[in-house]
$ cat upload-v4.csv   # CSV, C-alpha atoms and all ligand atoms
chain,number,residue,atom,x,y,z
A,38,MET,CA,0.0,0.0,0.0
A,39,ALA,CA,3.0,2.3,0.5
A,40,PRO,CA,3.3,4.7,-2.5
A,41,SER,CA,6.1,3.8,-4.9
A,42,GLY,CA,8.7,6.4,-5.8
A,43,PRO,CA,7.6,7.1,-9.4
A,44,GLY,CA,3.9,7.1,-8.2
A,45,SER,CA,4.5,9.8,-5.6
A,46,VAL,CA,6.5,11.9,-8.1
A,47,ARG,CA,3.6,11.6,-10.6
A,48,ARG,CA,1.2,12.6,-7.8
A,49,ARG,CA,3.4,15.6,-6.9
A,50,CYS,CA,3.5,16.7,-10.6
A,51,ARG,CA,-0.2,16.4,-10.8
A,52,ARG,CA,-0.6,18.5,-7.7
A,53,VAL,CA,1.5,21.3,-9.3
A,54,LEU,CA,-0.5,21.0,-12.5
A,55,TYR,CA,-3.8,21.5,-10.6
A,56,TRP,CA,-2.6,25.0,-9.7
A,57,ILE,CA,-2.6,26.1,-13.4
A,58,PRO,CA,-6.2,27.3,-13.5
A,59,VAL,CA,-5.6,29.3,-10.3
A,60,VAL,CA,-2.5,30.9,-11.7
A,61,PHE,CA,-4.4,31.6,-14.9
A,62,ILE,CA,-7.2,33.4,-13.0
A,63,SER,CA,-4.6,35.3,-10.9
A,64,LEU,CA,-2.7,36.5,-14.0
A,65,LEU,CA,-5.9,37.5,-15.6
A,66,LEU,CA,-6.9,39.4,-12.5
A,67,GLY,CA,-3.5,41.1,-12.4
A,68,TRP,CA,-3.8,42.2,-16.0
A,69,SER,CA,-7.4,43.4,-15.5
A,70,TYR,CA,-6.1,45.6,-12.6
A,71,TYR,CA,-3.4,47.1,-14.8
A,72,ALA,CA,-5.8,47.6,-17.8
A,73,TYR,CA,-8.7,49.0,-15.8
A,74,ALA,CA,-7.0,51.1,-13.0
A,75,ILE,CA,-4.0,52.3,-15.0
A,76,GLN,CA,-4.9,52.3,-18.7
A,77,LEU,CA,-8.6,53.1,-18.5
A,78,CYS,CA,-9.0,55.2,-15.3
A,79,ILE,CA,-5.7,57.0,-15.1
A,80,VAL,CA,-4.6,57.2,-18.7
A,81,SER,CA,-7.9,57.4,-20.7
A,82,MET,CA,-10.5,59.0,-18.4
A,83,GLU,CA,-10.5,62.8,-18.7
A,84,ASN,CA,-13.2,63.6,-16.1
A,85,VAL,CA,-11.6,63.6,-12.6
A,86,GLY,CA,-15.0,62.9,-10.9
A,87,GLU,CA,-15.5,59.8,-13.1
A,88,GLN,CA,-11.9,58.8,-12.4
A,89,VAL,CA,-12.3,59.0,-8.6
A,90,VAL,CA,-15.7,57.2,-8.5
A,91,CYS,CA,-14.6,54.4,-10.8
A,92,LEU,CA,-11.3,53.9,-9.0
A,93,ILE,CA,-13.0,53.7,-5.5
A,94,ALA,CA,-15.8,51.4,-6.7
A,95,TYR,CA,-13.3,49.3,-8.6
A,96,HIS,CA,-11.0,48.8,-5.7
A,97,LEU,CA,-13.8,47.9,-3.4
A,98,LEU,CA,-15.0,45.2,-5.8
A,99,PHE,CA,-11.4,44.0,-6.5
A,100,ALA,CA,-10.8,43.6,-2.7
A,101,MET,CA,-14.0,41.6,-2.1
A,102,PHE,CA,-13.3,39.5,-5.2
A,103,VAL,CA,-9.7,38.7,-4.1
A,104,TRP,CA,-10.7,38.1,-0.4
A,105,SER,CA,-13.5,35.6,-1.3
A,106,TYR,CA,-11.4,33.9,-3.9
A,107,TRP,CA,-8.5,33.5,-1.4
A,108,LYS,CA,-10.8,32.1,1.2
A,109,THR,CA,-12.4,29.6,-1.2
A,110,ILE,CA,-8.9,28.4,-2.3
A,111,PHE,CA,-7.3,28.2,1.1
A,112,THR,CA,-10.1,27.1,3.4
A,113,LEU,CA,-9.4,23.4,4.1
A,114,PRO,CA,-12.4,21.2,3.4
A,115,MET,CA,-13.8,19.6,6.5
A,116,ASN,CA,-13.6,15.8,6.9
A,117,PRO,CA,-15.9,13.6,9.0
A,118,SER,CA,-15.1,13.7,12.8
A,119,LYS,CA,-13.7,10.7,14.7
A,120,GLU,CA,-17.1,9.3,15.6
A,121,PHE,CA,-17.6,8.3,11.9
A,122,HIS,CA,-14.4,6.4,11.7
A,123,LEU,CA,-14.6,2.7,12.4
A,124,SER,CA,-12.8,1.4,15.4
A,125,TYR,CA,-9.9,-1.1,15.0
A,126,ALA,CA,-12.1,-4.0,16.0
A,127,GLU,CA,-14.8,-3.0,13.6
A,128,LYS,CA,-12.3,-2.7,10.7
A,129,GLU,CA,-11.1,-6.1,11.5
A,130,LEU,CA,-14.6,-7.5,11.5
A,131,LEU,CA,-15.3,-5.8,8.2
A,132,GLU,CA,-12.3,-7.4,6.7
A,133,ARG,CA,-13.3,-10.8,7.9
A,134,GLU,CA,-16.9,-10.5,6.8
A,135,PRO,CA,-17.5,-10.8,3.1
A,136,ARG,CA,-19.7,-8.3,1.3
A,137,GLY,CA,-23.3,-8.8,2.0
A,138,GLU,CA,-25.7,-8.9,5.0
A,139,ALA,CA,-23.0,-9.7,7.6
A,140,HIS,CA,-20.9,-6.8,6.3
A,141,GLN,CA,-24.0,-4.5,6.5
A,142,GLU,CA,-24.7,-5.7,10.0
A,143,VAL,CA,-21.3,-4.5,11.2
A,144,LEU,CA,-21.9,-1.1,9.6
A,145,ARG,CA,-25.4,-0.9,11.0
A,146,ARG,CA,-24.1,-1.6,14.5
A,147,ALA,CA,-21.3,1.0,14.1
A,148,ALA,CA,-23.8,3.6,12.8
A,149,LYS,CA,-26.4,2.9,15.5
A,150,ASP,CA,-25.7,6.1,17.5
A,151,LEU,CA,-24.7,8.3,14.6
A,152,PRO,CA,-27.0,10.9,13.0
A,153,ILE,CA,-27.2,9.2,9.7
A,154,TYR,CA,-30.4,9.5,7.7
A,155,THR,CA,-29.3,8.9,4.1
A,156,ARG,CA,-28.5,5.5,2.6
A,157,THR,CA,-27.1,4.2,-0.7
A,158,MET,CA,-29.4,3.5,-3.6
A,159,SER,CA,-29.8,-0.1,-2.3
A,160,GLY,CA,-30.7,1.1,1.2
A,161,ALA,CA,-27.3,0.2,2.7
A,162,ILE,CA,-25.3,2.3,5.1
A,163,ARG,CA,-23.0,4.7,3.2
A,164,TYR,CA,-19.5,3.6,3.8
A,165,CYS,CA,-16.2,4.8,2.3
A,166,ASP,CA,-13.8,1.9,1.7
A,167,ARG,CA,-11.0,4.3,1.0
A,168,CYS,CA,-11.3,6.4,4.2
A,169,GLN,CA,-12.8,3.5,6.2
A,170,LEU,CA,-15.5,5.5,7.7
A,171,ILE,CA,-19.3,5.8,7.7
A,172,LYS,CA,-20.2,8.7,5.5
A,173,PRO,CA,-22.2,11.4,7.3
A,174,ASP,CA,-25.3,12.7,5.4
A,175,ARG,CA,-24.3,14.8,2.4
A,176,CYS,CA,-20.7,13.7,2.7
A,177,HIS,CA,-18.9,12.3,-0.4
A,178,HIS,CA,-15.5,11.0,-1.2
A,179,CYS,CA,-13.6,13.3,-3.6
A,180,SER,CA,-11.3,11.4,-5.9
A,181,VAL,CA,-9.1,14.4,-6.5
A,182,CYS,CA,-8.5,15.2,-2.8
A,183,ASP,CA,-8.8,11.5,-2.0
A,184,LYS,CA,-10.8,12.3,1.2
A,185,CYS,CA,-14.3,12.3,2.3
A,186,ILE,CA,-15.6,15.9,2.3
A,187,LEU,CA,-18.5,17.1,4.5
A,188,LYS,CA,-21.4,18.4,2.5
A,189,MET,CA,-19.4,18.1,-0.7
A,190,ASP,CA,-20.6,20.3,-3.5
A,191,HIS,CA,-18.0,19.6,-6.2
A,192,HIS,CA,-14.3,19.7,-6.7
A,193,CYS,CA,-13.6,23.1,-8.4
A,194,PRO,CA,-10.5,23.2,-10.6
A,195,TRP,CA,-10.7,27.1,-10.7
A,196,VAL,CA,-10.0,27.2,-7.0
A,197,ASN,CA,-8.0,23.9,-6.8
A,198,ASN,CA,-10.1,22.9,-3.8
A,199,CYS,CA,-13.1,21.0,-2.9
A,200,VAL,CA,-16.2,23.1,-2.4
A,201,GLY,CA,-18.1,21.8,0.6
A,202,PHE,CA,-19.4,22.7,4.0
A,203,SER,CA,-16.4,24.7,5.1
A,204,ASN,CA,-16.2,27.0,2.1
A,205,TYR,CA,-19.5,26.9,0.2
A,206,LYS,CA,-20.4,30.4,1.4
A,207,PHE,CA,-17.0,31.7,0.3
A,208,PHE,CA,-17.5,30.1,-3.1
A,209,LEU,CA,-20.9,31.7,-3.5
A,210,LEU,CA,-19.4,35.1,-2.6
A,211,PHE,CA,-16.6,34.5,-5.0
A,212,LEU,CA,-19.1,33.9,-7.8
A,213,ALA,CA,-21.1,37.0,-6.7
A,214,TYR,CA,-18.2,39.4,-6.4
A,215,SER,CA,-16.5,38.1,-9.6
A,216,LEU,CA,-19.7,38.6,-11.5
A,217,LEU,CA,-20.1,42.1,-10.0
A,218,TYR,CA,-16.5,42.9,-10.9
A,219,CYS,CA,-17.0,41.9,-14.5
A,220,LEU,CA,-20.3,43.7,-14.9
A,221,PHE,CA,-18.8,46.8,-13.4
A,222,ILE,CA,-15.9,46.7,-15.7
A,223,ALA,CA,-18.1,46.1,-18.7
A,224,ALA,CA,-20.5,48.9,-17.8
A,225,THR,CA,-17.9,51.5,-17.2
A,226,ASP,CA,-15.7,50.5,-20.1
A,227,LEU,CA,-18.6,50.4,-22.6
A,228,GLN,CA,-18.4,54.1,-23.7
A,229,TYR,CA,-14.6,53.8,-24.3
A,230,PHE,CA,-15.1,50.5,-26.1
A,231,ILE,CA,-17.5,52.3,-28.5
A,232,LYS,CA,-15.0,55.1,-28.9
A,233,PHE,CA,-12.4,52.5,-29.9
A,234,TRP,CA,-14.6,51.4,-32.8
A,235,THR,CA,-15.4,55.0,-33.8
A,236,ASN,CA,-11.8,56.1,-33.6
A,237,GLY,CA,-12.5,58.4,-30.7
A,238,LEU,CA,-9.5,57.1,-28.7
A,239,PRO,CA,-6.0,58.4,-29.0
A,240,ASP,CA,-3.7,56.0,-30.7
A,241,THR,CA,-1.9,54.6,-27.7
A,242,GLN,CA,-1.5,51.1,-26.3
A,243,ALA,CA,-4.4,51.9,-23.8
A,244,LYS,CA,-7.0,51.5,-26.6
A,245,PHE,CA,-6.1,47.8,-26.9
A,246,HIS,CA,-6.3,47.2,-23.2
A,247,ILE,CA,-9.7,48.9,-23.2
A,248,MET,CA,-10.9,46.7,-26.1
A,249,PHE,CA,-9.8,43.4,-24.6
A,250,LEU,CA,-11.0,44.4,-21.1
A,251,PHE,CA,-14.5,44.8,-22.4
A,252,PHE,CA,-14.4,41.5,-24.3
A,253,ALA,CA,-13.1,39.6,-21.3
A,254,ALA,CA,-15.5,41.2,-18.8
A,255,ALA,CA,-18.5,40.6,-21.1
A,256,MET,CA,-17.6,37.0,-21.7
A,257,PHE,CA,-17.0,36.2,-18.1
A,258,SER,CA,-20.2,38.0,-17.1
A,259,VAL,CA,-22.2,35.6,-19.2
A,260,SER,CA,-20.7,32.4,-17.9
A,261,LEU,CA,-20.5,33.6,-14.3
A,262,SER,CA,-24.1,34.8,-14.2
A,263,SER,CA,-25.4,31.3,-15.3
A,264,LEU,CA,-23.2,29.6,-12.7
A,265,PHE,CA,-24.2,32.0,-10.0
A,266,GLY,CA,-27.8,31.7,-10.9
A,267,TYR,CA,-27.6,28.0,-10.7
A,268,HIS,CA,-26.0,28.1,-7.3
A,269,CYS,CA,-28.6,30.6,-6.0
A,270,TRP,CA,-31.2,28.0,-7.0
A,271,LEU,CA,-29.3,25.3,-5.2
A,272,VAL,CA,-29.1,27.3,-2.0
A,273,SER,CA,-32.8,28.2,-2.2
A,274,LYS,CA,-33.6,24.4,-2.4
A,275,ASN,CA,-30.9,23.4,0.0
A,276,LYS,CA,-29.2,21.1,-2.4
A,277,SER,CA,-25.5,20.5,-3.3
A,278,THR,CA,-24.5,20.2,-6.9
A,279,LEU,CA,-24.1,16.4,-6.4
A,280,GLU,CA,-27.6,16.2,-4.8
A,281,ALA,CA,-29.0,18.1,-7.8
A,282,PHE,CA,-27.6,15.3,-10.0
A,283,ARG,CA,-28.5,12.5,-7.7
A,284,SER,CA,-31.2,13.0,-5.1
A,285,PRO,CA,-30.4,11.8,-1.6
A,286,VAL,CA,-31.8,8.5,-0.5
A,287,PHE,CA,-33.4,8.4,3.0
A,288,ARG,CA,-34.4,5.3,4.9
A,289,HIS,CA,-37.9,5.8,3.5
A,290,GLY,CA,-36.8,6.4,0.0
A,291,THR,CA,-35.5,9.1,-2.4
A,292,ASP,CA,-36.4,12.7,-1.7
A,293,LYS,CA,-34.9,15.4,-3.8
A,294,ASN,CA,-36.0,18.1,-1.3
A,295,GLY,CA,-35.2,16.0,1.8
A,296,PHE,CA,-32.9,18.7,3.3
A,297,SER,CA,-35.0,21.7,2.3
A,298,LEU,CA,-36.5,23.7,5.2
A,299,GLY,CA,-38.0,26.5,3.2
A,300,PHE,CA,-36.2,29.4,1.5
A,301,SER,CA,-35.4,31.5,4.5
A,302,LYS,CA,-34.0,28.6,6.6
A,303,ASN,CA,-32.1,27.2,3.6
A,304,MET,CA,-30.4,30.6,3.1
A,305,ARG,CA,-29.6,30.8,6.8
A,306,GLN,CA,-28.0,27.4,6.8
A,307,VAL,CA,-25.4,28.6,4.4
A,308,PHE,CA,-25.1,32.3,5.4
A,309,GLY,CA,-25.9,32.1,9.1
A,310,ASP,CA,-28.2,34.0,11.4
A,311,GLU,CA,-26.3,37.3,11.5
A,312,LYS,CA,-27.0,39.5,8.5
A,313,LYS,CA,-23.8,41.6,9.0
A,314,TYR,CA,-21.7,38.6,8.0
A,315,TRP,CA,-23.7,37.6,4.9
A,316,LEU,CA,-21.7,39.6,2.4
A,317,LEU,CA,-18.3,39.0,4.0
A,318,PRO,CA,-16.2,35.9,3.4
A,319,VAL,CA,-16.1,34.9,7.0
A,320,PHE,CA,-17.5,31.6,8.2
A,321,SER,CA,-21.0,31.9,9.4
A,322,SER,CA,-22.8,28.8,8.1
A,323,LEU,CA,-25.0,26.9,10.7
A,324,GLY,CA,-24.4,23.4,11.9
A,325,ASP,CA,-21.4,21.1,12.2
A,326,GLY,CA,-21.4,19.7,8.7
A,327,CYS,CA,-21.9,16.2,9.9
A,328,SER,CA,-25.6,16.3,10.6
A,329,PHE,CA,-28.3,18.3,8.9
A,330,PRO,CA,-31.9,18.9,9.8
A,331,THR,CA,-34.3,17.2,7.5
A,332,CYS,CA,-38.0,17.9,7.3
A,333,LEU,CA,-38.6,14.1,7.0
A,334,VAL,CA,-37.2,13.3,10.4
A,335,ASN,CA,-40.6,12.9,11.9
A,336,GLN,CA,-41.3,10.0,9.7
A,337,ASP,CA,-38.3,8.1,11.0
A,338,PRO,CA,-39.5,5.7,13.8
A,339,GLU,CA,-35.9,5.4,15.1
A,340,GLN,CA,-35.6,9.1,15.8
A,341,PRO,CA,-37.3,11.2,18.4
A,342,SER,CA,-39.5,13.8,16.9
A,343,THR,CA,-39.1,16.7,19.3
A,344,PRO,CA,-35.7,18.5,19.2
A,345,ALA,CA,-34.3,18.9,22.6
A,346,GLY,CA,-30.8,20.5,22.7
A,347,MET,CA,-30.9,24.2,22.5
A,348,ASN,CA,-27.2,25.2,23.0
A,349,SER,CA,-25.9,24.8,19.5
A,350,THR,CA,-22.4,26.3,19.7
A,351,LEU,CA,-21.1,24.7,16.5
A,352,LYS,CA,-20.4,27.8,14.4
A,353,THR,CA,-16.9,27.5,13.0
A,354,PRO,CA,-14.9,24.7,11.5
A,355,GLU,CA,-12.2,25.3,14.1
A,356,ASN,CA,-14.7,24.7,16.8
A,357,HIS,CA,-15.6,21.4,15.2
A,358,GLN,CA,-16.9,18.9,17.7
A,359,PHE,CA,-19.4,16.2,17.7
A,360,PRO,CA,-22.5,17.0,19.6
A,361,ALA,CA,-23.9,14.5,22.1
A,362,LYS,CA,-27.2,14.5,20.3
A,363,PRO,CA,-26.1,15.7,16.9
A,364,LEU,CA,-29.2,15.9,14.8
A,365,ARG,CA,-31.3,17.2,17.6
A,366,GLU,CA,-28.9,20.1,18.2
A,367,SER,CA,-28.5,21.0,14.6
A,368,GLN,CA,-32.2,20.8,14.2
A,369,SER,CA,-32.7,23.0,17.2
A,370,HIS,CA,-30.8,25.9,15.7
A,371,LEU,CA,-32.9,26.0,12.5
A,372,LEU,CA,-36.1,24.4,13.6
A,373,MET,CA,-36.8,25.2,17.2
A,374,ASP,CA,-37.3,28.9,16.6
A,375,SER,CA,-40.2,28.0,14.4
A,376,GLN,CA,-43.5,27.6,16.1
A,377,SER,CA,-44.8,25.9,13.0
A,378,TRP,CA,-42.4,23.0,13.6
A,379,THR,CA,-43.9,22.4,17.0
A,380,GLU,CA,-47.3,22.6,15.5
A,381,ASN,CA,-46.2,20.2,12.9
A,382,THR,CA,-44.8,17.6,15.3
A,383,ALA,CA,-48.2,17.6,17.0
A,384,ASN,CA,-49.5,16.2,13.7
A,385,PRO,CA,-47.2,13.4,12.7
A,386,GLY,CA,-48.2,10.9,10.1
A,387,LYS,CA,-48.9,13.8,7.7
A,388,GLY,CA,-45.5,13.1,6.2
A,389,LYS,CA,-44.4,15.6,3.7
A,390,ALA,CA,-47.1,18.0,4.5
A,391,GLY,CA,-44.7,19.4,7.1
A,392,LYS,CA,-42.6,20.9,4.4
A,393,GLY,CA,-45.3,23.4,3.4
A,394,VAL,CA,-45.6,24.5,7.1
A,395,LEU,CA,-41.9,25.0,7.4
A,396,VAL,CA,-41.6,27.3,4.4
B,1,ZN,ZN,-13.6,8.7,1.6
B,2,ZN,ZN,-11.8,17.5,-3.9

$ encode --input "upload-v4.csv" --output "C-alpha cells" --more "lines below"
Ligand SMILES: [Zn+2]
Ligand SMILES: [Zn+2]
Amino acid sequence: MAPSGPGSVRRRCRRVLYWIPVVFISLLLGWSYYAYAIQLCIVSMENVGEQVVCLIAYHLLFAMFVWSYWKTIFTLPMNPSKEFHLSYAEKELLEREPRGEAHQEVLRRAAKDLPIYTRTMSGAIRYCDRCQLIKPDRCHHCSVCDKCILKMDHHCPWVNNCVGFSNYKFFLLFLAYSLLYCLFIAATDLQYFIKFWTNGLPDTQAKFHIMFLFFAAAMFSVSLSSLFGYHCWLVSKNKSTLEAFRSPVFRHGTDKNGFSLGFSKNMRQVFGDEKKYWLLPVFSSLGDGCSFPTCLVNQDPEQPSTPAGMNSTLKTPENHQFPAKPLRESQSHLLMDSQSWTENTANPGKGKAGKGVLV
C-alpha cells in the first residue's frame, strides 16, 4: 500500500498542474487591474470625478473578489469527525466479513448512534472503503482530494479545492463578487469600447487594453451569471451540486428536497443568522457539517420527533466537535425557533405536508 517512488513523483507533478487554473485566473486578474485602473481610469479618463468614483468602486469590488477567492482556495475542506471512523475492531470485523448482509450488520451496529439518515441507492449504510468511515449525510468522497468531504458540493479546478461545508459560502461570494467585478468593468468600459470602434480614442496602447478588457469582462459575465444563478437556485432548495444530479436516498426512499427547510432557513443554513456577515467571506454557516436537519425526520421511527438540545455552539470549522445528540442540536438551531415546527410535530403521520408548514 506504500506509495512507490515514481507514483509519488507523478502525484506531486499532478498537484502542481492542478494550480494552473488558479495561476491563470490570478494572472488575468493582475492584467485586468493594470488595464482598468491604470490604462482606463488613469490614462484614458479625462473627467476627474468619473476617475475617482470608478477607482474607488473598482478597488472595493477588487478587494472583495480577491478576499472571497482567497478564502475559497485556502479554506481546508472539513472531513468527518472521529465518531464516523470505524474502530480497529470494527475494521477487522469488516475485513473478515464478506460483502453482504454480515458486512452491513457490522456497519449498521457501528452507525447505530450516529445521526445518519441517508442511505445508498440499495438502502445500505453509506461507507467509504478508501477512508474506512461511515459517511455522514451529504458527505462524499472526492477522488481528487482522496478524502471524504463534508457536504461536498463539487471539486472546483478554478480554486483547486473541494467546495463543501467549510467554504461553500465563500464560493458563492466569490461567484457573486467576480460577477459584479466583470459587470462593473463592462458597464464603465462600454463608452470607451464604443470610442475604440469610432476612432475616438488616442492612438496609444491603452486602446487595446480597453478593447480586450470589455471582451473579457462581457464573456466572463455571461458564464458567471449562469453559474451564480444555478448556485442561487441550489441554495434556495438546500441542495448541493451532487444532490441536484442524484437525489439523496433516505431510509424511507429518495427525496430530492429532503434537506429543504424553506427558502429563509435554507439561506440561513449557508449564510448564518447574522446579516452583518452575509456579504463577508467569514465563516457563518450553521451546523457542524456532519448532521443536517431534515423535514422528513418525523417519519423516522428510530428518531425522536421533538428537538431537545438548545445550545448549539457549533459555528466554526475550528470549533468542530461532535454534539452529544447531533441531529437534535443542529435541528434546534434551525427548527426550534419555528412555532410551525412544534405545531407540525403535533400532527405526525402527515409526512411531507410538514414541508409546506416550514416554508
Ligand atoms: Zn472517503
Ligand atoms: Zn476535492

$ residues_near_point --input "upload-v4.csv" --point "(-24.5, 1.7, 1.7)" --cutoff "12 Å" --atoms "all atoms listed in the file" --output "PDB file with C-alpha atoms, in the coordinates of the input"
ATOM      1  CA  ARG A 136     -19.700  -8.300   1.300  1.00  0.00           C
ATOM      2  CA  GLY A 137     -23.300  -8.800   2.000  1.00  0.00           C
ATOM      3  CA  GLU A 138     -25.700  -8.900   5.000  1.00  0.00           C
ATOM      4  CA  HIS A 140     -20.900  -6.800   6.300  1.00  0.00           C
ATOM      5  CA  GLN A 141     -24.000  -4.500   6.500  1.00  0.00           C
ATOM      6  CA  GLU A 142     -24.700  -5.700  10.000  1.00  0.00           C
ATOM      7  CA  VAL A 143     -21.300  -4.500  11.200  1.00  0.00           C
ATOM      8  CA  LEU A 144     -21.900  -1.100   9.600  1.00  0.00           C
ATOM      9  CA  ARG A 145     -25.400  -0.900  11.000  1.00  0.00           C
ATOM     10  CA  ALA A 148     -23.800   3.600  12.800  1.00  0.00           C
ATOM     11  CA  ILE A 153     -27.200   9.200   9.700  1.00  0.00           C
ATOM     12  CA  TYR A 154     -30.400   9.500   7.700  1.00  0.00           C
ATOM     13  CA  THR A 155     -29.300   8.900   4.100  1.00  0.00           C
ATOM     14  CA  ARG A 156     -28.500   5.500   2.600  1.00  0.00           C
ATOM     15  CA  THR A 157     -27.100   4.200  -0.700  1.00  0.00           C
ATOM     16  CA  MET A 158     -29.400   3.500  -3.600  1.00  0.00           C
ATOM     17  CA  SER A 159     -29.800  -0.100  -2.300  1.00  0.00           C
ATOM     18  CA  GLY A 160     -30.700   1.100   1.200  1.00  0.00           C
ATOM     19  CA  ALA A 161     -27.300   0.200   2.700  1.00  0.00           C
ATOM     20  CA  ILE A 162     -25.300   2.300   5.100  1.00  0.00           C
ATOM     21  CA  ARG A 163     -23.000   4.700   3.200  1.00  0.00           C
ATOM     22  CA  TYR A 164     -19.500   3.600   3.800  1.00  0.00           C
ATOM     23  CA  CYS A 165     -16.200   4.800   2.300  1.00  0.00           C
ATOM     24  CA  ASP A 166     -13.800   1.900   1.700  1.00  0.00           C
ATOM     25  CA  LEU A 170     -15.500   5.500   7.700  1.00  0.00           C
ATOM     26  CA  ILE A 171     -19.300   5.800   7.700  1.00  0.00           C
ATOM     27  CA  LYS A 172     -20.200   8.700   5.500  1.00  0.00           C
ATOM     28  CA  PRO A 173     -22.200  11.400   7.300  1.00  0.00           C
ATOM     29  CA  ASP A 174     -25.300  12.700   5.400  1.00  0.00           C
ATOM     30  CA  VAL A 286     -31.800   8.500  -0.500  1.00  0.00           C
ATOM     31  CA  PHE A 287     -33.400   8.400   3.000  1.00  0.00           C
ATOM     32  CA  ARG A 288     -34.400   5.300   4.900  1.00  0.00           C
TER      33      ARG A 288
END

$ residues_near_ligand --input "upload-v4.csv" --ligand "ligand ZN 1 (chain B)" --cutoff "12 Å" --atoms "all atoms listed in the file" --output "PDB file with C-alpha atoms, in the frame of the given file"
ATOM      1  CA  MET A 115     -13.800  19.600   6.500  1.00  0.00           C
ATOM      2  CA  ASN A 116     -13.600  15.800   6.900  1.00  0.00           C
ATOM      3  CA  PRO A 117     -15.900  13.600   9.000  1.00  0.00           C
ATOM      4  CA  PHE A 121     -17.600   8.300  11.900  1.00  0.00           C
ATOM      5  CA  HIS A 122     -14.400   6.400  11.700  1.00  0.00           C
ATOM      6  CA  ARG A 163     -23.000   4.700   3.200  1.00  0.00           C
ATOM      7  CA  TYR A 164     -19.500   3.600   3.800  1.00  0.00           C
ATOM      8  CA  CYS A 165     -16.200   4.800   2.300  1.00  0.00           C
ATOM      9  CA  ASP A 166     -13.800   1.900   1.700  1.00  0.00           C
ATOM     10  CA  ARG A 167     -11.000   4.300   1.000  1.00  0.00           C
ATOM     11  CA  CYS A 168     -11.300   6.400   4.200  1.00  0.00           C
ATOM     12  CA  GLN A 169     -12.800   3.500   6.200  1.00  0.00           C
ATOM     13  CA  LEU A 170     -15.500   5.500   7.700  1.00  0.00           C
ATOM     14  CA  ILE A 171     -19.300   5.800   7.700  1.00  0.00           C
ATOM     15  CA  LYS A 172     -20.200   8.700   5.500  1.00  0.00           C
ATOM     16  CA  PRO A 173     -22.200  11.400   7.300  1.00  0.00           C
ATOM     17  CA  CYS A 176     -20.700  13.700   2.700  1.00  0.00           C
ATOM     18  CA  HIS A 177     -18.900  12.300  -0.400  1.00  0.00           C
ATOM     19  CA  HIS A 178     -15.500  11.000  -1.200  1.00  0.00           C
ATOM     20  CA  CYS A 179     -13.600  13.300  -3.600  1.00  0.00           C
ATOM     21  CA  SER A 180     -11.300  11.400  -5.900  1.00  0.00           C
ATOM     22  CA  VAL A 181      -9.100  14.400  -6.500  1.00  0.00           C
ATOM     23  CA  CYS A 182      -8.500  15.200  -2.800  1.00  0.00           C
ATOM     24  CA  ASP A 183      -8.800  11.500  -2.000  1.00  0.00           C
ATOM     25  CA  LYS A 184     -10.800  12.300   1.200  1.00  0.00           C
ATOM     26  CA  CYS A 185     -14.300  12.300   2.300  1.00  0.00           C
ATOM     27  CA  ILE A 186     -15.600  15.900   2.300  1.00  0.00           C
ATOM     28  CA  LEU A 187     -18.500  17.100   4.500  1.00  0.00           C
ATOM     29  CA  MET A 189     -19.400  18.100  -0.700  1.00  0.00           C
TER      30      MET A 189
END

$ closest_residue --input "upload-v4.csv" --among "A:Leu130, A:Val85, A:Val200, A:Ala94" --to "ligand ZN 2 (chain B)" --atoms "only C-alpha atoms and all ligand atoms"
A:Val200

$ atom_distance --input "upload-v4.csv" --atom1 "atom CA of A:Cys199" --atom2 "atom CA of A:Ser124"
26.8 Å

$ closest_residue --input "upload-v4.csv" --among "A:Lys232, A:Lys128, A:Lys188, A:Lys276" --to "ligand ZN 2 (chain B)" --atoms "only C-alpha atoms and all ligand atoms"
A:Lys188

$ atom_distance --input "upload-v4.csv" --atom1 "atom CA of A:Phe208" --atom2 "atom CA of A:Ile222"
20.9 Å

$ closest_residue --input "upload-v4.csv" --among "A:Ile62, A:Ala213, A:Ala253, A:Cys327" --to "A:Asp226" --atoms "all atoms listed in the file"
A:Ala253

$ atom_distance --input "upload-v4.csv" --atom1 "atom CA of A:Ser322" --atom2 "atom CA of A:Phe207"
10.1 Å

$ closest_residue --input "upload-v4.csv" --among "A:Val196, A:Ile57, A:Leu210, A:Val89" --to "ligand ZN 2 (chain B)" --atoms "only C-alpha atoms and all ligand atoms"
A:Val196

$ residues_near_point --input "upload-v4.csv" --point "(-9.6, 53.4, -28.8)" --cutoff "7 Å" --atoms "all atoms listed in the file" --output "ChimeraX atom specification"
/A:229-230,232-234,236-240,244-245

$ closest_residue --input "upload-v4.csv" --among "A:Trp195, A:Phe308, A:Trp104, A:Trp68" --to "ligand ZN 2 (chain B)" --atoms "all atoms listed in the file"
A:Trp195

$ closest_residue --input "upload-v4.csv" --among "A:Ala255, A:Cys78, A:Leu227, A:Cys193" --to "A:Tyr95" --atoms "only C-alpha atoms"
A:Cys78
